[in-house]
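See below for the structure under consideration.
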Amino acid sequence: MSRRSLVPAAAVVLGGVLGLALTACAVSTGAAPVDVTPAPLVEVTQRAEEAVEETRGTVLSLEAAGDLYLALVEPTNVMLDGFDTAVATSDMAALREVSGDLAQGYGELATALEEAAWPVEAEAGVAALVLELEGEIPAWEAIAEAEGDDETATRLAELPPTGPAAAEIRSVLGLDVVPAG
């Protein structure tokens, strides 16, 4: 089971936490919001862009394709770590922020996947992943645009489940397979 398959349950928990906090009229501690943007994101994104440039126009071997795939998905995986942190700390404002980043990141990942010259064995999986990513972007944008914590929790629960394409690609490229969820 992937961490994304836990999102609907997390939304219910976050909604409950929010309800309890509002019912109890919790007093603000003045604590700074949790920073969900991991520091290495800029560096990771730059490495992904360099990997695309280095392989542009070249049909990749399975091994090189695996390396490229890992470089391309690393920025969104870093963002998903920020998402996990926001869920774990029930920080709804941070969830909205990182969801906007993920919407943009998924769009950039889909474009980069389309631009690479994948081995024949990986082409169908890559095409399927691009469709999955493009299908999730509106849900991430909806979370980012939510007005208030209740709407954020509702939209979070509406995130589609992760499809099987990434696991298929990882299998074809000889990478460790992360269960789809």
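Residues in the structure tokens are named by chain (A, B, ... in the order shown) and by number from 1 within that chain; ligands are numbered from 1 in the order shown.
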Shell of 10 Å around stretch 121-132 of chain A, only C-alpha atoms, local chain residues under 3 positions omitted, as a ChimeraX atom specification: /A:62,65-66,69,106-107,109-114,116-118,135-137,160-173
Within 9 Å of stretch 81-103 of chain A, which residues of stretch 117-141 of chain A come that close, and what is the closest atom pair and distance in Å for each? Count only C-alpha atoms and give it as CSV.
residue,atom,partner,partner_atom,distance
A:Leu133,CA,A:Ala103,CA,8.9
A:Glu134,CA,A:Ala103,CA,8.9
A:Glu136,CA,A:Ala103,CA,7.7
A:Ile137,CA,A:Ala103,CA,4.8
A:Pro138,CA,A:Ala103,CA,7.3
A:Ala139,CA,A:Ala103,CA,8.1
A:Trp140,CA,A:Ser99,CA,5.1
A:Glu141,CA,A:Gly100,CA,5.6
Taking N, CA and C atoms for each residue, export the selection above as a short mmCIF file (atom, residue, chain, number, x, y, z; two decimals), in the first residue's frame.
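Writing the result to selection19.cif gives the following:
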data_model
loop_
_atom_site.label_atom_id
_atom_site.label_comp_id
_atom_site.auth_asym_id
_atom_site.auth_seq_id
_atom_site.Cartn_x
_atom_site.Cartn_y
_atom_site.Cartn_z
N LEU A 133 -0.89 11.20 -14.16
CA LEU A 133 -0.44 12.47 -13.60
C LEU A 133 -1.34 13.61 -14.03
N GLU A 134 -1.63 13.66 -15.34
CA GLU A 134 -2.49 14.72 -15.85
C GLU A 134 -3.89 14.64 -15.24
N GLU A 136 -4.55 13.66 -12.19
CA GLU A 136 -4.49 14.05 -10.78
C GLU A 136 -4.30 15.55 -10.58
N ILE A 137 -3.77 16.23 -11.57
CA ILE A 137 -3.46 17.65 -11.42
C ILE A 137 -4.67 18.46 -10.95
N PRO A 138 -5.86 18.29 -11.54
CA PRO A 138 -7.01 19.08 -11.06
C PRO A 138 -7.33 18.84 -9.58
N ALA A 139 -7.15 17.62 -9.10
CA ALA A 139 -7.42 17.34 -7.69
C ALA A 139 -6.43 18.06 -6.78
N TRP A 140 -5.15 18.06 -7.18
CA TRP A 140 -4.14 18.78 -6.39
C TRP A 140 -4.43 20.28 -6.43
N GLU A 141 -4.82 20.80 -7.60
CA GLU A 141 -5.15 22.22 -7.70
C GLU A 141 -6.35 22.57 -6.82
#
